[in-house]
$ cat data-v7.txt   # compact mmCIF, C-alpha atoms
# COMPACT_ATOMS: atom_id res chain seq x y z
CA MET A 1 12.60 -82.62 5.82
CA ALA A 2 12.76 -79.50 3.72
CA MET A 3 14.46 -79.96 0.36
CA MET A 4 17.83 -78.34 -0.37
CA PRO A 5 20.56 -78.91 -2.95
CA LYS A 6 23.23 -81.51 -2.14
CA ARG A 7 26.02 -79.60 -3.86
CA ILE A 8 26.15 -75.96 -4.87
CA LYS A 9 28.68 -73.93 -6.82
CA PHE A 10 28.23 -70.72 -4.84
CA ARG A 11 27.06 -70.38 -1.22
CA LYS A 12 25.08 -67.19 -1.85
CA SER A 13 23.30 -65.81 -4.86
CA GLN A 14 22.16 -62.37 -5.95
CA LYS A 15 18.54 -61.53 -5.39
CA GLY A 16 17.58 -61.28 -9.06
CA ARG A 17 14.15 -60.60 -10.53
CA VAL A 18 11.62 -63.29 -11.36
CA ARG A 19 10.45 -63.29 -14.96
CA PRO A 20 6.67 -63.44 -14.89
CA ARG A 21 5.80 -66.09 -17.47
CA ALA A 22 6.85 -69.72 -17.57
CA SER A 23 8.28 -70.90 -20.86
CA ARG A 24 8.92 -74.42 -19.60
CA GLY A 25 7.67 -76.60 -16.78
CA ASN A 26 4.14 -75.38 -17.59
CA THR A 27 2.61 -78.70 -18.66
CA VAL A 28 1.48 -81.72 -16.68
CA ALA A 29 4.22 -84.22 -17.45
CA TYR A 30 4.20 -87.13 -14.97
CA GLY A 31 0.80 -87.47 -13.30
CA GLU A 32 -2.68 -86.94 -14.67
CA PHE A 33 -3.59 -83.80 -12.72
CA GLY A 34 -1.55 -80.83 -11.59
CA LEU A 35 -1.52 -77.62 -9.62
CA GLN A 36 -0.45 -74.64 -11.72
CA SER A 37 0.75 -71.37 -10.27
CA LEU A 38 -1.00 -68.19 -11.45
CA GLY A 39 1.56 -65.93 -9.84
CA SER A 40 5.32 -65.61 -9.79
CA GLY A 41 7.93 -65.33 -7.08
CA HIS A 42 9.82 -67.53 -4.64
CA LEU A 43 8.45 -70.76 -3.17
CA THR A 44 10.47 -71.69 -0.09
CA ALA A 45 11.54 -75.24 0.73
CA ARG A 46 9.24 -75.19 3.77
CA GLN A 47 6.24 -74.22 1.65
CA ILE A 48 7.03 -76.99 -0.84
CA GLU A 49 7.26 -79.47 2.03
CA ALA A 50 3.99 -78.21 3.54
CA GLY A 51 2.25 -78.86 0.21
CA ARG A 52 3.76 -82.33 -0.11
CA VAL A 53 2.70 -83.31 3.43
CA THR A 54 -0.83 -82.00 2.83
CA ALA A 55 -1.24 -83.93 -0.42
CA SER A 56 0.20 -87.22 0.83
CA HIS A 57 -1.78 -86.97 4.10
CA PHE A 58 -5.02 -86.43 2.18
CA LEU A 59 -4.31 -89.27 -0.25
CA HIS A 60 -3.49 -91.81 2.53
CA ARG A 61 -0.63 -93.16 0.39
CA GLU A 62 -3.01 -93.80 -2.53
CA GLY A 63 -1.76 -92.69 -5.94
CA ARG A 64 1.45 -90.75 -6.34
CA VAL A 65 2.47 -87.15 -5.72
CA TYR A 66 5.11 -85.53 -7.90
CA ILE A 67 6.85 -82.28 -6.91
CA ARG A 68 7.79 -80.35 -10.03
CA VAL A 69 9.82 -77.55 -8.42
CA PHE A 70 13.08 -77.68 -6.48
CA PRO A 71 14.52 -75.00 -4.18
CA HIS A 72 17.83 -74.30 -5.93
CA LYS A 73 18.21 -70.68 -4.91
CA PRO A 74 19.93 -69.78 -1.63
CA VAL A 75 18.21 -66.83 0.07
CA SER A 76 20.35 -64.97 2.63
CA ARG A 77 19.19 -62.91 5.58
CA LYS A 78 20.98 -60.68 8.08
CA PRO A 79 20.65 -61.54 11.79
CA LEU A 80 18.26 -59.48 13.93
CA GLU A 81 19.49 -56.23 15.52
CA THR A 82 22.46 -56.00 13.18
CA ARG A 83 23.63 -52.74 11.69
CA MET A 84 23.68 -52.44 7.92
CA GLY A 85 26.90 -53.24 6.09
CA LYS A 86 29.56 -55.80 7.10
CA GLY A 87 28.78 -57.88 4.05
CA LYS A 88 25.98 -60.14 2.89
CA GLY A 89 24.12 -62.20 5.48
CA GLU A 90 24.33 -65.96 5.75
CA THR A 91 22.03 -68.28 3.79
CA ASP A 92 18.71 -68.52 5.63
CA HIS A 93 16.77 -70.89 3.41
CA TYR A 94 16.46 -72.22 -0.13
CA ALA A 95 13.67 -71.29 -2.52
CA ALA A 96 12.37 -72.33 -5.93
CA ILE A 97 11.76 -69.69 -8.57
CA VAL A 98 8.18 -69.95 -9.76
CA HIS A 99 6.74 -68.27 -12.84
CA GLU A 100 3.12 -67.75 -13.84
CA GLY A 101 2.17 -71.08 -15.39
CA THR A 102 4.69 -73.28 -13.56
CA VAL A 103 3.22 -76.64 -12.55
CA LEU A 104 4.07 -77.08 -8.86
CA TYR A 105 2.66 -80.50 -7.99
CA GLU A 106 1.21 -83.40 -9.93
CA ILE A 107 -0.92 -86.31 -8.80
CA GLY A 108 -1.44 -89.60 -10.60
CA GLY A 109 -3.25 -92.86 -9.92
CA VAL A 110 -6.36 -91.39 -8.26
CA PRO A 111 -9.75 -90.25 -9.63
CA GLU A 112 -10.16 -86.62 -10.64
CA ASP A 113 -12.42 -85.62 -7.73
CA VAL A 114 -9.88 -86.92 -5.19
CA ALA A 115 -7.01 -85.14 -6.96
CA ARG A 116 -9.08 -81.94 -7.10
CA ARG A 117 -9.73 -81.98 -3.34
CA ALA A 118 -6.12 -82.84 -2.51
CA LEU A 119 -4.72 -80.07 -4.70
CA ALA A 120 -7.28 -77.55 -3.36
CA LEU A 121 -5.84 -78.14 0.11
CA VAL A 122 -2.31 -77.77 -1.25
CA ALA A 123 -3.29 -74.52 -3.01
CA HIS A 124 -4.17 -73.01 0.38
CA LYS A 125 -0.55 -73.49 1.45
CA MET A 126 0.87 -71.74 -1.60
CA PRO A 127 1.85 -68.07 -1.66
CA PHE A 128 0.29 -67.65 -5.13
CA ARG A 129 -3.13 -68.13 -6.67
CA CYS A 130 -3.23 -71.58 -8.22
CA ARG A 131 -5.46 -73.57 -10.54
CA PHE A 132 -6.17 -77.23 -11.14
CA VAL A 133 -5.01 -78.54 -14.52
CA THR A 134 -5.28 -81.88 -16.28
CA ARG A 135 -2.90 -83.58 -18.62
CA ARG A 136 -3.28 -82.69 -22.30
CA HIS A 137 -2.96 -85.33 -24.99
CA ALA A 138 -0.51 -84.69 -27.83
CA VAL A 139 -1.80 -84.14 -31.39
CA MET B 1 -12.30 -91.03 -38.53
CA GLU B 2 -14.69 -88.14 -38.95
CA ILE B 3 -13.41 -85.08 -40.81
CA VAL B 4 -14.31 -81.84 -39.02
CA THR B 5 -14.93 -78.80 -41.22
CA ILE B 6 -13.96 -75.34 -39.97
CA GLU B 7 -13.80 -71.94 -41.60
CA ALA B 8 -10.40 -70.37 -42.26
CA GLN B 9 -9.36 -67.01 -43.61
CA PRO B 10 -6.13 -66.21 -45.42
CA ARG B 11 -4.04 -63.67 -43.48
CA ALA B 12 -1.81 -61.20 -45.23
CA GLU B 13 -0.24 -59.60 -42.17
CA ARG B 14 2.58 -61.26 -40.32
CA GLY B 15 4.48 -60.63 -37.10
CA THR B 16 3.79 -60.39 -33.38
CA SER B 17 1.45 -57.38 -33.42
CA ALA B 18 -0.72 -58.74 -36.23
CA ALA B 19 -0.90 -62.14 -34.53
CA ARG B 20 -1.90 -60.47 -31.25
CA ARG B 21 -4.66 -58.54 -32.99
CA LEU B 22 -5.94 -61.78 -34.51
CA ARG B 23 -5.99 -63.54 -31.13
CA LYS B 24 -7.85 -60.60 -29.58
CA SER B 25 -10.51 -60.93 -32.28
CA GLY B 26 -11.06 -64.58 -31.35
CA ARG B 27 -8.97 -66.22 -34.03
CA VAL B 28 -5.81 -68.31 -33.99
CA PRO B 29 -3.03 -67.73 -36.53
CA GLY B 30 -1.78 -70.78 -38.36
CA ILE B 31 0.11 -72.01 -41.36
CA ILE B 32 -0.58 -74.70 -43.96
CA TYR B 33 2.41 -76.47 -45.46
CA GLY B 34 3.38 -79.74 -47.11
CA HIS B 35 3.40 -81.54 -50.46
CA GLY B 36 6.17 -79.22 -51.71
CA GLU B 37 3.74 -76.33 -52.24
CA THR B 38 4.11 -72.77 -51.01
CA PRO B 39 3.09 -72.37 -47.35
CA GLU B 40 -0.13 -70.38 -46.77
CA ARG B 41 -0.78 -68.19 -43.73
CA VAL B 42 -4.29 -68.67 -42.36
CA ALA B 43 -6.42 -67.81 -39.33
CA VAL B 44 -9.08 -70.08 -37.85
CA SER B 45 -11.79 -69.43 -35.27
CA ALA B 46 -10.35 -70.08 -31.79
CA HIS B 47 -13.66 -71.52 -30.56
CA ASP B 48 -14.19 -73.91 -33.48
CA PHE B 49 -10.59 -75.06 -33.31
CA ALA B 50 -10.76 -75.63 -29.53
CA VAL B 51 -13.95 -77.70 -29.95
CA ALA B 52 -12.29 -79.80 -32.68
CA LEU B 53 -9.24 -80.39 -30.47
CA GLU B 54 -11.39 -81.31 -27.48
CA HIS B 55 -13.07 -84.00 -29.55
CA GLY B 56 -9.67 -85.44 -30.46
CA ALA B 57 -9.74 -84.37 -34.12
CA HIS B 58 -6.58 -84.94 -36.16
CA LEU B 59 -7.96 -84.35 -39.62
CA LEU B 60 -9.67 -81.08 -40.61
CA GLU B 61 -11.24 -79.65 -43.70
CA LEU B 62 -10.40 -75.96 -43.88
CA ARG B 63 -12.95 -74.00 -45.93
CA MET B 64 -11.33 -70.88 -47.38
CA GLY B 65 -13.57 -68.86 -49.67
CA GLY B 66 -14.87 -71.30 -52.26
CA ALA B 67 -12.07 -73.86 -51.92
CA SER B 68 -11.39 -76.33 -49.17
CA ARG B 69 -8.17 -77.96 -48.03
CA ARG B 70 -7.78 -81.27 -46.22
CA VAL B 71 -5.16 -80.88 -43.50
CA LEU B 72 -3.69 -82.72 -40.54
CA ILE B 73 -3.12 -80.86 -37.25
CA LYS B 74 0.66 -81.20 -37.05
CA ASP B 75 1.51 -78.99 -34.09
CA VAL B 76 -0.23 -76.63 -31.67
CA GLN B 77 1.59 -73.99 -29.61
CA TYR B 78 0.00 -72.91 -26.36
CA ASP B 79 0.40 -69.81 -24.19
CA HIS B 80 2.42 -69.75 -20.95
CA LEU B 81 -0.51 -71.19 -18.99
CA ASN B 82 -0.79 -74.01 -21.52
CA ALA B 83 -4.45 -73.07 -21.86
CA ARG B 84 -5.06 -71.19 -25.15
CA PRO B 85 -3.60 -72.12 -28.54
CA VAL B 86 -1.46 -69.30 -29.93
CA HIS B 87 -0.43 -70.89 -33.22
CA VAL B 88 -1.32 -73.97 -35.27
CA ASP B 89 0.60 -75.90 -37.90
CA PHE B 90 -1.51 -77.69 -40.51
CA MET B 91 -0.05 -80.19 -42.95
CA ARG B 92 -1.64 -80.88 -46.34
CA VAL B 93 -2.66 -84.53 -46.69
CA ASN B 94 -4.30 -86.83 -49.21
CA LEU B 95 -6.72 -89.46 -47.95
CA ASP B 96 -4.51 -92.31 -49.19
CA GLU B 97 -1.42 -91.06 -47.34
CA ARG B 98 0.24 -92.69 -44.31
CA VAL B 99 0.89 -90.30 -41.45
CA THR B 100 2.46 -90.41 -37.98
CA VAL B 101 0.20 -89.17 -35.17
CA SER B 102 -0.07 -89.43 -31.39
CA VAL B 103 -3.13 -91.31 -30.17
CA PRO B 104 -4.33 -91.40 -26.53
CA LEU B 105 -3.80 -94.69 -24.68
CA GLU B 106 -6.73 -95.74 -22.48
CA LEU B 107 -6.19 -98.36 -19.81
CA ARG B 108 -9.24 -100.51 -19.11
CA GLY B 109 -10.00 -102.63 -16.04
CA THR B 110 -8.51 -102.89 -12.56
CA PRO B 111 -5.26 -104.88 -12.40
CA VAL B 112 -5.11 -107.98 -10.17
CA GLY B 113 -1.95 -106.51 -8.65
CA ILE B 114 -3.90 -103.64 -7.07
CA HIS B 115 -5.59 -106.15 -4.72
CA GLU B 116 -2.10 -107.45 -3.85
CA GLY B 117 -1.10 -104.01 -2.59
CA GLY B 118 0.30 -102.46 -5.76
CA ILE B 119 -0.51 -99.30 -7.66
CA LEU B 120 -0.98 -98.89 -11.39
CA GLU B 121 1.37 -96.35 -12.90
CA GLN B 122 0.84 -95.15 -16.45
CA ASP B 123 4.17 -94.06 -17.91
CA MET B 124 2.91 -93.38 -21.41
CA VAL B 125 -0.35 -91.57 -22.13
CA ASP B 126 -0.02 -91.17 -25.90
CA LEU B 127 1.23 -93.70 -28.41
CA GLU B 128 2.86 -92.55 -31.60
CA VAL B 129 1.44 -94.59 -34.48
CA SER B 130 1.71 -94.67 -38.24
CA CYS B 131 -1.47 -95.32 -40.21
CA LEU B 132 -3.59 -94.19 -43.14
CA VAL B 133 -5.12 -90.74 -42.70
CA THR B 134 -8.62 -92.24 -42.84
CA GLU B 135 -7.83 -94.90 -40.23
CA ILE B 136 -6.49 -92.81 -37.35
CA PRO B 137 -7.95 -94.46 -34.21
CA GLU B 138 -9.71 -92.21 -31.67
CA ALA B 139 -7.88 -93.98 -28.84
CA ILE B 140 -6.08 -97.23 -28.23
CA ARG B 141 -7.77 -99.20 -25.46
CA VAL B 142 -5.68 -101.70 -23.55
CA SER B 143 -6.94 -104.11 -20.91
CA VAL B 144 -4.78 -104.13 -17.79
CA ALA B 145 -7.09 -106.40 -15.77
CA GLU B 146 -4.67 -109.34 -15.82
CA MET B 147 -1.58 -107.43 -14.71
CA LYS B 148 -0.08 -108.73 -11.47
CA LEU B 149 2.20 -107.01 -8.98
CA GLY B 150 5.53 -106.25 -10.66
CA ASP B 151 4.17 -106.72 -14.22
CA LEU B 152 5.18 -104.30 -16.96
CA MET B 153 3.37 -103.59 -20.21
CA HIS B 154 5.56 -102.61 -23.16
CA VAL B 155 4.59 -100.93 -26.41
CA ARG B 156 5.08 -104.27 -28.22
CA ASP B 157 2.35 -105.82 -26.00
CA VAL B 158 -0.27 -103.22 -26.98
CA PRO B 159 -2.89 -104.65 -29.37
CA LEU B 160 -3.27 -102.31 -32.34
CA PRO B 161 -6.09 -102.11 -34.91
CA PRO B 162 -5.28 -103.55 -38.36
CA GLY B 163 -3.20 -101.20 -40.52
CA VAL B 164 -1.84 -99.29 -37.53
CA ILE B 165 1.87 -99.61 -36.67
CA ALA B 166 3.49 -98.32 -33.47
CA VAL B 167 6.29 -95.83 -34.09
CA SER B 168 7.29 -95.58 -30.41
CA PRO B 169 10.06 -98.11 -29.56
CA GLY B 170 8.72 -101.58 -28.69
CA GLU B 171 10.64 -101.79 -25.41
CA ALA B 172 9.18 -98.52 -24.06
CA ILE B 173 7.03 -99.06 -20.96
CA VAL B 174 3.33 -98.19 -21.20
CA CYS B 175 2.29 -98.96 -17.63
CA SER B 176 3.31 -101.03 -14.64
CA VAL B 177 1.91 -102.34 -11.39
CA ARG B 178 4.40 -101.39 -8.71
CA ALA B 179 4.52 -102.00 -4.99
CA ARG B 180 3.66 -99.01 -2.82
CA LYS B 181 6.69 -97.17 -1.52
CA ALA B 182 7.64 -97.88 2.08
CA ALA B 183 7.42 -94.99 4.51
CA GLU B 184 10.70 -93.42 3.38
CA ALA B 185 9.55 -89.99 4.40
CA GLU B 186 9.65 -90.83 8.11
CA VAL B 187 13.20 -92.17 7.81
CA GLN B 188 14.29 -89.02 6.00
CA ALA B 189 12.60 -86.81 8.57
CA ALA B 190 14.79 -88.28 11.31
CA GLU B 191 17.94 -87.14 9.52
CA GLU B 192 19.34 -83.74 10.37
CA PRO B 193 19.34 -81.30 7.45
CA GLN B 194 22.92 -80.63 6.39
CA ALA B 195 24.30 -77.63 4.58
CA PRO B 196 25.06 -78.29 0.90
CA GLU B 197 28.61 -79.03 -0.16
CA VAL B 198 30.23 -76.16 -2.06
CA ILE B 199 31.82 -77.46 -5.27
CA GLY B 200 35.54 -76.75 -5.54
CA ARG B 201 35.94 -75.56 -1.93
CA ARG B 202 37.90 -77.98 0.29
CA GLU B 203 37.18 -78.05 4.00
CA LYS B 204 39.71 -76.33 6.29
CA THR B 205 42.17 -78.65 8.05
CA GLU B 206 44.08 -77.83 11.26
CA GLU B 207 47.19 -77.00 9.20
CA ASP B 208 45.24 -74.43 7.18
CA GLU B 209 43.93 -72.80 10.34
CA GLU B 210 47.49 -72.57 11.76
CA GLU B 211 48.66 -70.96 8.52
CA ASP B 212 45.81 -68.44 8.74
CA LYS B 213 46.85 -67.57 12.30
CA LYS B 214 50.49 -67.05 11.23
CA LYS B 215 49.41 -64.75 8.42
CA SER B 216 47.28 -62.66 10.72

$ encode --input "data-v7.txt" --output "structure tokens"
Amino acid sequence: MAMMPKRIKFRKSQKGRVRPRASRGNTVAYGEFGLQSLGSGHLTARQIEAGRVTASHFLHREGRVYIRVFPHKPVSRKPLETRMGKGKGETDHYAAIVHEGTVLYEIGGVPEDVARRALALVAHKMPFRCRFVTRRHAV
Amino acid sequence: MEIVTIEAQPRAERGTSAARRLRKSGRVPGIIYGHGETPERVAVSAHDFAVALEHGAHLLELRMGGASRRVLIKDVQYDHLNARPVHVDFMRVNLDERVTVSVPLELRGTPVGIHEGGILEQDMVDLEVSCLVTEIPEAIRVSVAEMKLGDLMHVRDVPLPPGVIAVSPGEAIVCSVRARKAAEAEVQAAEEPQAPEVIGRREKTEEDEEEDKKKS
């Protein structure tokens, strides 16, 4: 099931512009390996779900998959063959805002080569270029 | 612990543009502070510093001109991709000083609980410890071979080398062997996706609809 918020303050939101660079959420925090976005934009709930299914299918329930983004933003769309005007369209789907550097997924509890192959498959489902990252130790 | 020596140059310029120029020329801006002395702005070679970090160095000897300074890597700031260091904080230290540093935790062995259908989850990857500057351990190795399904390992259970004290709270969990999650995903998939509840908006009752009709 695609993710969506349980409660929202406003049914629709303005389009906005995505800031390019991530200032948070850009480190591997829960697992040992992660998939980092090298682009910015919206990641829809369906795309997030597609990535999750791919990773968990590949891992055969070994290890653990963490999803680091959540689709908070309602994206509205007008119905087909509708004239312009008459107000904003209804919410079509929810999307996560992704910046360059945002860690999208993390995997823990499996060897690096397995995590690499799993996240390579997930990267194919993403609308951005992505790279494999490993957890960094603190100084 | 081995002390790595790297070259450093004093930097007179400050600010974003000067720092950017330094980074373009293959150096990382940094600052040395501590011991109540005046802070010094320095620049170190990005390559040498990255190599030192990769080898888990905490203690460095910065050679500046004729003099050298013994410093501890206190903090490193990275760029938005968390790939390249953009700034380093060095703290002056004496070799007889006690310092607080983060040391990697390495889990050794395969827990018994894995054969019982569990998975090993590492909740803590670095342990904050207090020790003498000369006795900073490279890593703290813990054997998890005897952990059974449902077992937890706390910070207080971690064996530490002599002279090293854990700063992280004793009750914090280092790792655990947990049962695999049941197929929750399939159960969730059967549920129909519902629209989110709008905070502060109550649902329309029949009375409200009648009132709307009267108004119109």

$ interface_residues --input "data-v7.txt" --of "chain B" --to "chain A" --cutoff "6 Å" --atoms "only C-alpha atoms" --output "MDAnalysis selection string"
chainID B and resid 80:81 102 189 196:199

$ closest_residue --input "data-v7.txt" --among "A:Arg129, A:Arg17, A:Tyr105, A:Asp113" --to "Ile48 in chain A" --atoms "only C-alpha atoms"
A:Tyr105

$ residues_around --input "data-v7.txt" --residues "range 14-26 of chain B" --least-positions-apart "3" --cutoff "12 Å" --atoms "all atoms listed in the file" --output "PyMOL selection string"
chain B and resi 9-11+29-31+40-50+79+84-88

$ residues_around --input "data-v7.txt" --residues "Lys88 in chain A" --least-positions-apart "3" --cutoff "9 Å" --atoms "all atoms listed in the file" --output "count of residues only"
5

$ atom_distance --input "data-v7.txt" --atom1 "CA of Met124 in chain B" --atom2 "CA of Val4 in chain B"
27.2 Å

$ closest_residue --input "data-v7.txt" --among "A:Val75, A:Glu112, A:Leu121, A:Cys130" --to "Ala45 in chain A" --atoms "all atoms listed in the file"
A:Val75

$ residues_around --input "data-v7.txt" --residues "range 151-161 of chain B" --least-positions-apart "5" --cutoff "9 Å" --atoms "only C-alpha atoms" --output "number ranges by chain"
B: 113, 127, 137, 140-142, 144, 166, 168-178

$ write_last_selection --input "data-v7.txt" --atoms "C-alpha atoms" --output "compact mmCIF listing (two decimals), in the coordinates of the input"
# COMPACT_ATOMS: atom_id res chain seq x y z
CA GLY B 113 -1.95 -106.51 -8.65
CA LEU B 127 1.23 -93.70 -28.41
CA PRO B 137 -7.95 -94.46 -34.21
CA ILE B 140 -6.08 -97.23 -28.23
CA ARG B 141 -7.77 -99.20 -25.46
CA VAL B 142 -5.68 -101.70 -23.55
CA VAL B 144 -4.78 -104.13 -17.79
CA ALA B 166 3.49 -98.32 -33.47
CA SER B 168 7.29 -95.58 -30.41
CA PRO B 169 10.06 -98.11 -29.56
CA GLY B 170 8.72 -101.58 -28.69
CA GLU B 171 10.64 -101.79 -25.41
CA ALA B 172 9.18 -98.52 -24.06
CA ILE B 173 7.03 -99.06 -20.96
CA VAL B 174 3.33 -98.19 -21.20
CA CYS B 175 2.29 -98.96 -17.63
CA SER B 176 3.31 -101.03 -14.64
CA VAL B 177 1.91 -102.34 -11.39
CA ARG B 178 4.40 -101.39 -8.71

$ atom_distance --input "data-v7.txt" --atom1 "CA of Arg46 in chain A" --atom2 "CA of Asp92 in chain A"
11.7 Å

$ residues_around --input "data-v7.txt" --residues "Asp96 in chain B" --least-positions-apart "4" --cutoff "10 Å" --atoms "all atoms listed in the file" --output "list in words"
Cys131, Leu132, Val133, Thr134 and Glu135 of chain B

$ atom_distance --input "data-v7.txt" --atom1 "CA of Gly51 in chain A" --atom2 "CA of His93 in chain A"
16.9 Å
